[in-house]
$ cat start-v1.txt   # compact mmCIF, C-alpha atoms
# COMPACT_ATOMS: atom_id res chain seq x y z
CA SER A 21 -29.15 -10.60 -12.73
CA PHE A 22 -28.69 -13.89 -10.95
CA LEU A 23 -29.22 -17.48 -11.99
CA TRP A 24 -31.17 -19.31 -9.33
CA PRO A 25 -30.03 -22.87 -8.65
CA ARG A 26 -33.08 -24.11 -10.60
CA GLY A 27 -31.92 -22.24 -13.71
CA ARG A 28 -34.37 -19.30 -13.54
CA TRP A 29 -33.11 -15.72 -13.89
CA ARG A 30 -34.16 -13.06 -11.42
CA ARG A 31 -33.18 -9.56 -10.38
CA PRO A 32 -30.79 -9.45 -7.41
CA SER A 33 -32.22 -8.24 -4.12
CA PRO A 34 -30.27 -6.11 -1.60
CA ARG A 35 -29.40 -9.23 0.41
CA ASP A 36 -27.72 -10.72 -2.70
CA ARG A 37 -25.17 -7.91 -2.85
CA GLY A 38 -22.59 -10.05 -1.05
CA ARG A 39 -22.60 -12.46 -3.98
CA GLU A 40 -21.63 -9.64 -6.33
CA MET A 41 -18.77 -8.25 -4.22
CA GLY A 42 -15.23 -8.02 -5.44
CA ASP A 43 -12.49 -10.00 -3.74
CA PHE A 44 -11.68 -7.29 -1.18
CA ALA A 45 -15.27 -6.72 -0.12
CA ALA A 46 -15.93 -10.46 0.03
CA GLY A 47 -13.07 -10.88 2.48
CA LYS A 48 -10.81 -12.82 0.10
CA MET A 49 -8.21 -10.04 0.10
CA GLY A 50 -6.39 -8.54 3.04
CA THR A 51 -6.04 -11.72 5.00
CA THR A 52 -2.68 -12.53 6.45
CA GLY A 53 -0.70 -15.61 5.59
CA PRO A 54 1.61 -17.72 7.73
CA SER A 55 4.22 -14.93 7.86
CA GLY A 56 1.64 -12.52 9.33
CA ASP A 57 1.83 -10.29 6.27
CA ILE A 58 -0.32 -9.84 3.17
CA GLY A 59 0.19 -11.63 -0.13
CA GLU A 60 1.27 -10.40 -3.55
CA ASP A 61 -2.31 -10.19 -4.87
CA ASP A 62 -3.22 -8.09 -1.85
CA VAL A 63 -0.36 -5.66 -2.57
CA VAL A 64 -1.52 -5.31 -6.19
CA GLN A 65 -5.11 -4.70 -5.03
CA VAL A 66 -4.00 -2.10 -2.50
CA PHE A 67 -2.19 -0.21 -5.27
CA LYS A 68 -5.26 -0.39 -7.52
CA ASP A 69 -7.35 1.09 -4.73
CA ILE A 70 -4.77 3.82 -4.04
CA GLU A 71 -4.41 4.68 -7.74
CA GLN A 72 -8.19 4.98 -8.09
CA TRP A 73 -8.41 7.22 -5.02
CA LEU A 74 -5.53 9.40 -6.21
CA GLY A 75 -7.10 9.70 -9.66
CA SER A 76 -10.28 11.14 -8.20
CA LYS A 77 -9.02 13.07 -5.13
CA ALA A 78 -5.38 14.00 -5.82
CA PRO A 79 -4.76 13.62 -9.57
CA GLY A 80 -1.55 15.65 -9.38
CA LEU A 81 0.09 12.78 -7.49
CA VAL A 82 -0.62 10.10 -10.11
CA PRO A 83 2.30 11.12 -12.41
CA ARG A 84 4.67 10.73 -9.44
CA LEU A 85 4.04 6.98 -9.39
CA ARG A 86 6.97 5.43 -11.19
CA PRO A 87 6.88 2.42 -13.52
CA PRO A 88 7.75 -1.00 -12.05
CA ALA A 89 11.28 -1.65 -10.78
CA ASP A 90 13.49 -3.86 -12.88
CA PRO A 91 13.56 -7.55 -11.86
CA GLN A 92 17.31 -7.49 -11.17
CA SER A 93 16.94 -4.76 -8.53
CA LEU A 94 14.04 -6.60 -6.94
CA SER A 95 16.06 -9.83 -6.79
CA GLU A 96 18.95 -8.04 -5.13
CA LEU A 97 16.67 -6.47 -2.54
CA ALA A 98 15.04 -9.83 -1.80
CA ALA A 99 18.49 -11.46 -1.45
CA ALA A 100 19.42 -8.75 1.08
CA GLY A 101 16.43 -9.64 3.27
CA VAL A 102 14.05 -6.85 2.28
CA PRO A 103 10.47 -8.06 2.98
CA GLN A 104 8.62 -9.57 0.03
CA THR A 105 5.73 -7.15 0.44
CA LEU A 106 8.06 -4.21 -0.18
CA THR A 107 9.58 -5.84 -3.27
CA TRP A 108 6.07 -6.65 -4.54
CA ALA A 109 5.11 -2.99 -4.07
CA LEU A 110 8.20 -1.90 -6.00
CA ALA A 111 7.21 -4.34 -8.76
CA VAL A 112 4.01 -2.29 -9.14
CA HIS A 113 5.56 1.18 -8.76
CA ASP A 114 9.28 1.79 -8.30
CA GLY A 115 8.73 4.51 -5.74
CA GLY A 116 6.87 7.80 -5.96
CA LEU A 117 3.92 6.86 -3.75
CA VAL A 118 3.27 9.54 -1.13
CA ILE A 119 2.21 8.06 2.24
CA TRP A 120 1.33 10.86 4.67
CA GLU A 121 4.46 13.06 4.49
CA TYR A 122 6.77 10.29 3.19
CA THR A 123 7.58 9.44 -0.41
CA MET A 124 8.54 5.88 -1.32
CA MET A 125 11.99 5.63 -2.83
CA PRO A 126 12.95 3.73 -5.98
CA ALA A 127 14.58 0.30 -5.61
CA ALA A 128 18.03 1.61 -6.55
CA ASP A 129 17.93 4.17 -3.72
CA ILE A 130 16.65 1.56 -1.26
CA GLN A 131 19.51 -0.70 -2.31
CA GLN A 132 22.04 2.05 -1.56
CA GLY A 133 20.41 2.49 1.84
CA LEU A 134 21.21 -1.10 2.76
CA THR A 135 24.78 0.01 3.41
CA GLN A 136 24.14 3.61 4.42
CA GLY A 137 20.94 3.45 6.48
CA PRO A 138 20.27 2.61 10.11
CA PRO A 139 21.87 -0.65 11.30
CA GLY A 140 19.63 -3.69 10.74
CA ALA A 141 17.04 -1.69 8.81
CA VAL A 142 16.52 -0.22 5.37
CA THR A 143 14.98 3.15 4.54
CA PHE A 144 12.19 2.85 1.96
CA ALA A 145 10.54 6.30 2.17
CA GLN A 146 11.88 9.78 2.82
CA GLY A 147 9.96 12.33 4.84
CA LEU A 148 9.54 16.05 4.38
CA ASP A 149 10.89 16.79 7.86
CA GLY A 150 14.08 14.72 7.68
CA ALA A 151 12.48 11.62 9.22
CA ASN A 152 12.32 8.42 7.18
CA LEU A 153 10.30 5.23 7.12
CA CYS A 154 12.42 2.13 7.64
CA VAL A 155 11.73 -1.57 7.76
CA ASP A 156 13.65 -3.71 10.22
CA LEU A 157 15.26 -6.58 8.31
CA ALA A 158 14.91 -9.03 11.22
CA SER A 159 11.45 -8.30 12.66
CA LYS A 160 10.03 -6.77 9.42
CA THR A 161 8.38 -3.99 11.48
CA VAL A 162 8.04 -0.48 10.04
CA SER A 163 9.40 2.45 12.03
CA VAL A 164 9.78 6.19 11.67
CA VAL A 165 13.42 7.11 12.19
CA ASP A 166 13.93 10.80 12.93
CA ALA A 167 16.97 12.92 12.09
CA ASP A 168 18.52 12.03 15.50
CA GLY A 169 18.21 8.30 14.79
CA ASP A 170 15.39 7.69 17.26
CA ARG A 171 12.97 4.97 16.11
CA ARG A 172 9.23 4.74 16.70
CA GLU A 173 7.44 1.63 15.45
CA VAL A 174 4.35 2.43 13.37
CA ALA A 175 3.33 -0.97 11.93
CA SER A 176 3.98 -4.66 12.40
CA SER A 177 4.93 -5.02 8.71
CA PHE A 178 5.16 -3.12 5.45
CA GLY A 179 2.02 -4.85 4.17
CA VAL A 180 0.04 -3.80 7.23
CA TYR A 181 1.36 -0.24 6.85
CA LEU A 182 0.40 -0.13 3.16
CA GLN A 183 -3.09 -1.50 3.85
CA SER A 184 -3.57 0.99 6.66
CA TRP A 185 -2.65 3.83 4.29
CA ARG A 186 -5.11 2.59 1.67
CA ASP A 187 -7.82 2.25 4.33
CA SER A 188 -7.22 5.85 5.49
CA LEU A 189 -7.63 7.08 1.92
CA LEU A 190 -10.77 5.08 1.21
CA ALA A 191 -12.33 6.20 4.50
CA ASN A 192 -11.55 9.82 3.54
CA LYS A 193 -9.37 10.23 6.63
CA ALA A 194 -6.54 11.78 4.62
CA GLU A 195 -6.41 14.89 2.48
CA PHE A 196 -3.50 16.01 0.31
CA MET A 197 -2.52 19.57 1.13
CA ASP A 198 0.54 20.41 -0.99
CA GLU A 199 4.10 19.36 -1.78
CA ASP A 200 5.46 20.96 1.41
CA THR A 201 2.92 19.35 3.73
CA GLY A 202 1.90 16.06 2.17
CA PHE A 203 -1.29 14.55 3.55
CA ILE A 204 -3.06 15.56 6.72
CA GLU A 205 -5.38 13.42 8.79
CA VAL A 206 -9.03 14.53 8.67
CA GLY A 207 -12.26 13.26 10.17
$ encode --input "start-v1.txt" --output "structure tokens"
Amino acid sequence: SFLWPRGRWRRPSPRDRGREMGDFAAGKMGTTGPSGDIGEDDVVQVFKDIEQWLGSKAPGLVPRLRPPADPQSLSELAAAGVPQTLTWALAVHDGGLVIWEYTMMPAADIQQGLTQGPPGAVTFAQGLDGANLCVDLASKTVSVVDADGDRREVASSFGVYLQSWRDSLLANKAEFMDEDTGFIEVG
């Protein structure tokens, strides 16, 4: 129930629903900051939404989500120029999240990729078909890099990519098939 400004209680009407919304629905989450990317609270909320979806639609994937990365690894990644949104995501789960046919790597593996991956980028998720997801350390864009080294940009930032994935799940536009296929786009 709601407290009217005059101090009287009443039952909420359908038009009052906006006053009861959570931060995401009220538009307080998912806004971009001066860097053009999402904030730490947004990353945490995105993971809560994804975990809830996985729990109800693909419960077999929940155990794959790893515990948070250790602070030392996160500091080293940040010092190397890895976008904050990626380090914030690793602070929630140190890899294991399946995004389409890609699986996010743990911080230690990402750190190794700083010296072994494509020049000027770091691989943060490995694909089933040999392609990987990389983030450009200068522009912060996310690209698919295939086995031949060809890049195709898929998002303007890691935060945008992560939000887009969450939005696909919540809109039921993705369905988990199996370990060999990953997710497919539906609807």
$ residues_near_point --input "start-v1.txt" --point "(11.6, 10.3, 8.0)" --cutoff "12 Å" --atoms "all atoms listed in the file" --output "JSON, numbers by chain"
{"A": [119, 120, 121, 122, 123, 124, 125, 137, 138, 142, 143, 144, 145, 146, 147, 148, 149, 150, 151, 152, 153, 154, 155, 162, 163, 164, 165, 166, 167, 168, 169, 170, 171, 172, 174]}
$ atom_distance --input "start-v1.txt" --atom1 "CA of Leu157 in chain A" --atom2 "CA of Glu71 in chain A"
27.8 Å
$ closest_residue --input "start-v1.txt" --among "A:Gln131, A:Ser95, A:Leu81, A:Val180" --to "Asp198 in chain A" --atoms "all atoms listed in the file"
A:Leu81
$ atom_distance --input "start-v1.txt" --atom1 "CA of Ala127 in chain A" --atom2 "CA of Asp187 in chain A"
24.6 Å
$ closest_residue --input "start-v1.txt" --among "A:Ala100, A:Ala158, A:Ile70, A:Leu106" --to "Phe178 in chain A" --atoms "only C-alpha atoms"
A:Leu106
